[in-house]
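Asker: This is the structure, below, for whatever I ask next.
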Amino acid sequence: METPHDVWVLAGQSNMEGCGLLCEALPPDERVWSFTTAGHWEVAREPLHRFWESFTSVHVDLLRAALPEVADKTNEEMALAEIAVRPHGAGLGLSFGMAVADATGKPVGLIPAAHGGTSLGQWSQELAPMGGGSLYGGMLERVRRAGGKVRGLLWYQGESDCSPADARTYAARFDAWIAAARRDLGEPDLPVAVVQLGRWIWPGDEPTDEAWDIVREALADLPNRVPNAVVVSAIDLPLADGIHISATGLVRLGRRLAQAIAPMAGVPGGRRTPSVTAIETGTATNGLGTVTLRCADVQGGWRDEQPLYGFEVRVNGAPMGIVGAEVRGDGGSDIRLTLEAAISGPVTVAYALGTMPVATVVDRGDMPLCAFRARAATPA
């Protein structure tokens, strides 16, 4: 086939690779093509990432390091066995591509380059001299061989960096990674869309809430540090297991990413993601304290068919109970929290923090509010 003119890179770890049930995956769409792991163009079909056939050695090397019991099997044997029994692998790429094709009326090319369980250190641009023996070098090699114009890069990664040491340096390291990728791809203003970390509900050796939140906030703040970057939340999406988003959730996430990156990438339509622009405190008629979140870019207002969960309020550093949460304002774009007592000091508001939040704030365009922590304005 002729190489699609517009190509999009899929990078990161398992939730970008896709771990949804294949029986729930979207069917192929002839407008959406994938540059396969083996190194040729085909109509995109799930799973997009098929590592045992990879022409860049890093993916097979990572698999073999994790599966010493298959040392006596060839890559070809493992590829055939995987095709026969693999139940998982549906991701977000196909729904993203379909949404972009709907908007542009043109074929879309995807370049799958993610790998589950990988850290930002393993993605380091410093490993580029290894070529296809590194994740970064392999990504560049795939783009070069695929051809076409790279219109944007999608990134979902960070779970493997949620240790106390790595989390605190994540923002600086990721900013440097984006700068290097833009330079090496020859696109200094390349649009980048990242996914803020979702939930982790496995008991046991989970990361600390603090480290998880540090990485979450580093990703949420990316557009303030790096131009032509946008962040989308996955906090509300259903899971296939303790950390991996389900196939149906990833379909929604792909569409969200397409909407969010469109304005930066010259794709018709699209929209900005919701954000909190101000936090104001007050007093209700019954004397209880109130906190109002003024929000922007809320499409159709916030959904309020179910309670608005996920908020935490602290007054003078101590938790304050929330007795009510309601949609307010013109167009239903604001949220007012009613507290269990009057406000007697500085207020901090957080949303969707920790590894296991129940967070339900999503607008009627299916775009959620990102996790955040911020101080309320002090009344004059």
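All residue names refer to the structure tokens as shown: chains lettered A, B, ... in order, residues numbered from 1 in each chain, ligands numbered from 1 in order.
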What are the closest atom pairs, with distances in Å to one decimal, for all residues of range 243-323 of chain A lying within 7 Å of range 363-367 of chain A? Consider only C-alpha atoms, order rows by chain and residue number, and present the result as JSON lines.
Answerer:
{"residue": "A:Arg256", "atom": "CA", "partner": "A:Met367", "partner_atom": "CA", "distance": 6.6}
{"residue": "A:Thr273", "atom": "CA", "partner": "A:Met367", "partner_atom": "CA", "distance": 6.7}
{"residue": "A:Val298", "atom": "CA", "partner": "A:Asp363", "partner_atom": "CA", "distance": 6.0}
{"residue": "A:Gln299", "atom": "CA", "partner": "A:Gly365", "partner_atom": "CA", "distance": 5.4}
{"residue": "A:Gly300", "atom": "CA", "partner": "A:Arg364", "partner_atom": "CA", "distance": 5.2}
{"residue": "A:Gly301", "atom": "CA", "partner": "A:Asp363", "partner_atom": "CA", "distance": 5.6}
{"residue": "A:Trp302", "atom": "CA", "partner": "A:Asp363", "partner_atom": "CA", "distance": 4.1}
{"residue": "A:Arg303", "atom": "CA", "partner": "A:Asp363", "partner_atom": "CA", "distance": 5.4}
Asker: Leaving out range 278-283 of chain A and any residue of its chain fewer than 6 positions from it, which residues lie within 8 Å of it when counting only C-alpha atoms, given as a ChimeraX atom specification?
Answerer: /A:289-295,342-343,347,375-379
Asker: I'd like the neighbourhood of range 5-22 of chain A as number ranges by chain, where a residue qualifies if any of its atoms comes within 6 Å (using only C-alpha atoms), though same-chain residues fewer than 3 positions away should be ignored.
Answerer: A: 25, 87-91, 108-118, 148-157, 244, 246-247
Asker: What would the file look like if the residues just selected were written as a PDB file, in the first residue's frame with C-alpha atoms?
Answerer:
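What landed in out_26.pdb:
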ATOM      1  CA  ALA A  25     -11.899  -5.067  20.502  1.00  0.00           C
ATOM      2  CA  PRO A  87      -6.833 -13.412  24.938  1.00  0.00           C
ATOM      3  CA  HIS A  88      -5.624  -9.854  25.640  1.00  0.00           C
ATOM      4  CA  GLY A  89      -4.082  -7.036  23.645  1.00  0.00           C
ATOM      5  CA  ALA A  90      -6.841  -4.618  22.635  1.00  0.00           C
ATOM      6  CA  GLY A  91      -5.720  -1.027  22.986  1.00  0.00           C
ATOM      7  CA  VAL A 108      -4.434   7.371   9.305  1.00  0.00           C
ATOM      8  CA  GLY A 109      -1.208   5.521  10.054  1.00  0.00           C
ATOM      9  CA  LEU A 110      -0.310   4.220  13.523  1.00  0.00           C
ATOM     10  CA  ILE A 111       3.208   3.281  14.637  1.00  0.00           C
ATOM     11  CA  PRO A 112       2.938   1.011  17.721  1.00  0.00           C
ATOM     12  CA  ALA A 113       6.107   1.324  19.822  1.00  0.00           C
ATOM     13  CA  ALA A 114       4.989   0.754  23.442  1.00  0.00           C
ATOM     14  CA  HIS A 115       6.105  -2.059  25.753  1.00  0.00           C
ATOM     15  CA  GLY A 116       4.496  -3.091  29.046  1.00  0.00           C
ATOM     16  CA  GLY A 117       6.299  -2.687  32.351  1.00  0.00           C
ATOM     17  CA  THR A 118       8.921  -0.257  31.058  1.00  0.00           C
ATOM     18  CA  GLY A 148       5.069   9.586   6.224  1.00  0.00           C
ATOM     19  CA  LYS A 149       4.787  12.726   8.317  1.00  0.00           C
ATOM     20  CA  VAL A 150       4.581  12.302  12.080  1.00  0.00           C
ATOM     21  CA  ARG A 151       1.600  14.377  13.156  1.00  0.00           C
ATOM     22  CA  GLY A 152       1.693  13.586  16.866  1.00  0.00           C
ATOM     23  CA  LEU A 153       2.920  11.341  19.664  1.00  0.00           C
ATOM     24  CA  LEU A 154       0.670   9.606  22.203  1.00  0.00           C
ATOM     25  CA  TRP A 155       2.215   8.656  25.554  1.00  0.00           C
ATOM     26  CA  TYR A 156       0.838   6.543  28.413  1.00  0.00           C
ATOM     27  CA  GLN A 157       3.583   5.690  30.892  1.00  0.00           C
ATOM     28  CA  HIS A 244      -4.997  -2.218  33.127  1.00  0.00           C
ATOM     29  CA  SER A 246     -10.472  -2.608  29.800  1.00  0.00           C
ATOM     30  CA  ALA A 247     -11.029  -2.764  26.045  1.00  0.00           C
TER      31      ALA A 247
END
Asker: Just to confirm, what's the straight-line distance from CA of Gln125 in chain A to CA of Glu210 in chain A in Å (one decimal)?
Answerer: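 Taking CA of Gln125 in chain A and CA of Glu210 in chain A, their separation equals 26.9 Å.
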Asker: Find, counting only C-alpha atoms, the residue in A:Glu30, A:Trp212, A:Leu339, A:Ala265 that gets nearest to Asn286 in chain A.
Answerer: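 That would be A:Leu339, the residue with the smallest distance to Asn286 in chain A.
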Asker: Would you mind telling me which residue in A:Cys370, A:Ala318, A:Val358, A:Ala165 lies nearest to Val231 in chain A when using only C-alpha atoms?
Answerer: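 For Val231 in chain A, the nearest of the candidates is A:Cys370.
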Asker: Please return, as a ChimeraX atom specification, all residues of range 46-125 of chain A that DSSP assigns to helix (DSSP H, G or I) on the basis of the backbone.
Answerer: /A:51-53,57-66,68-70,75-85,93-104,125
Asker: Determine the nearest neighbour of Asp161 in chain A from the options A:Gln122, A:Thr285, A:Thr338, A:Asn75, counting only C-alpha atoms.
Answerer: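 Among A:Gln122, A:Thr285, A:Thr338, A:Asn75, it is A:Gln122 that comes nearest to Asp161 in chain A.
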Asker: Step one, run DSSP on the backbone; step two, keep only residues of range 128-257 of chain A assigned to strand (DSSP E); then write them as an MDAnalysis selection string.
Answerer: chainID A and resid 149:156 192:196 229:233
Asker: Hey, can you spit out that residue selection with C-alpha atoms as a tab-separated table (two decimals), in the first residue's frame?
Answerer:
chain	number	residue	atom	x	y	z
A	149	LYS	CA	4.79	12.73	8.32
A	150	VAL	CA	4.58	12.30	12.08
A	151	ARG	CA	1.60	14.38	13.16
A	152	GLY	CA	1.69	13.59	16.87
A	153	LEU	CA	2.92	11.34	19.66
A	154	LEU	CA	0.67	9.61	22.20
A	155	TRP	CA	2.21	8.66	25.55
A	156	TYR	CA	0.84	6.54	28.41
A	192	VAL	CA	2.25	15.38	22.34
A	193	ALA	CA	-0.80	13.96	24.14
A	194	VAL	CA	-0.20	12.14	27.43
A	195	VAL	CA	-2.52	10.17	29.68
A	196	GLN	CA	-2.53	10.95	33.38
A	229	ALA	CA	1.37	19.25	24.93
A	230	VAL	CA	-1.96	18.16	26.40
A	231	VAL	CA	-3.00	15.76	29.15
A	232	VAL	CA	-6.08	13.52	29.28
A	233	SER	CA	-7.36	11.65	32.32
Asker: May I ask which of the residues A:Met130, A:Ala260, A:Ala99, A:Ala350 is the closest one to Glu217 in chain A, counting only C-alpha atoms?
Answerer: A:Ala350
Asker: So which one's closest to Arg199 in chain A, A:Leu94, A:Ile178, A:Ala218, A:Leu239? Using only C-alpha atoms, please.
Answerer: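 Of all the options, A:Leu239 lies closest to Arg199 in chain A.
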Asker: Here is a test: counting only C-alpha atoms, which residue of A:Ala341, A:Val226, A:Leu92, A:Leu237 is nearest to Thr360 in chain A?
Answerer: A:Leu237
Asker: Quick one: pull the distance between CA of Asp330 in chain A and CA of Thr277 in chain A, Å, one decimal.
Answerer: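 CA of Thr277 in chain A lies 14.8 Å from CA of Asp330 in chain A.
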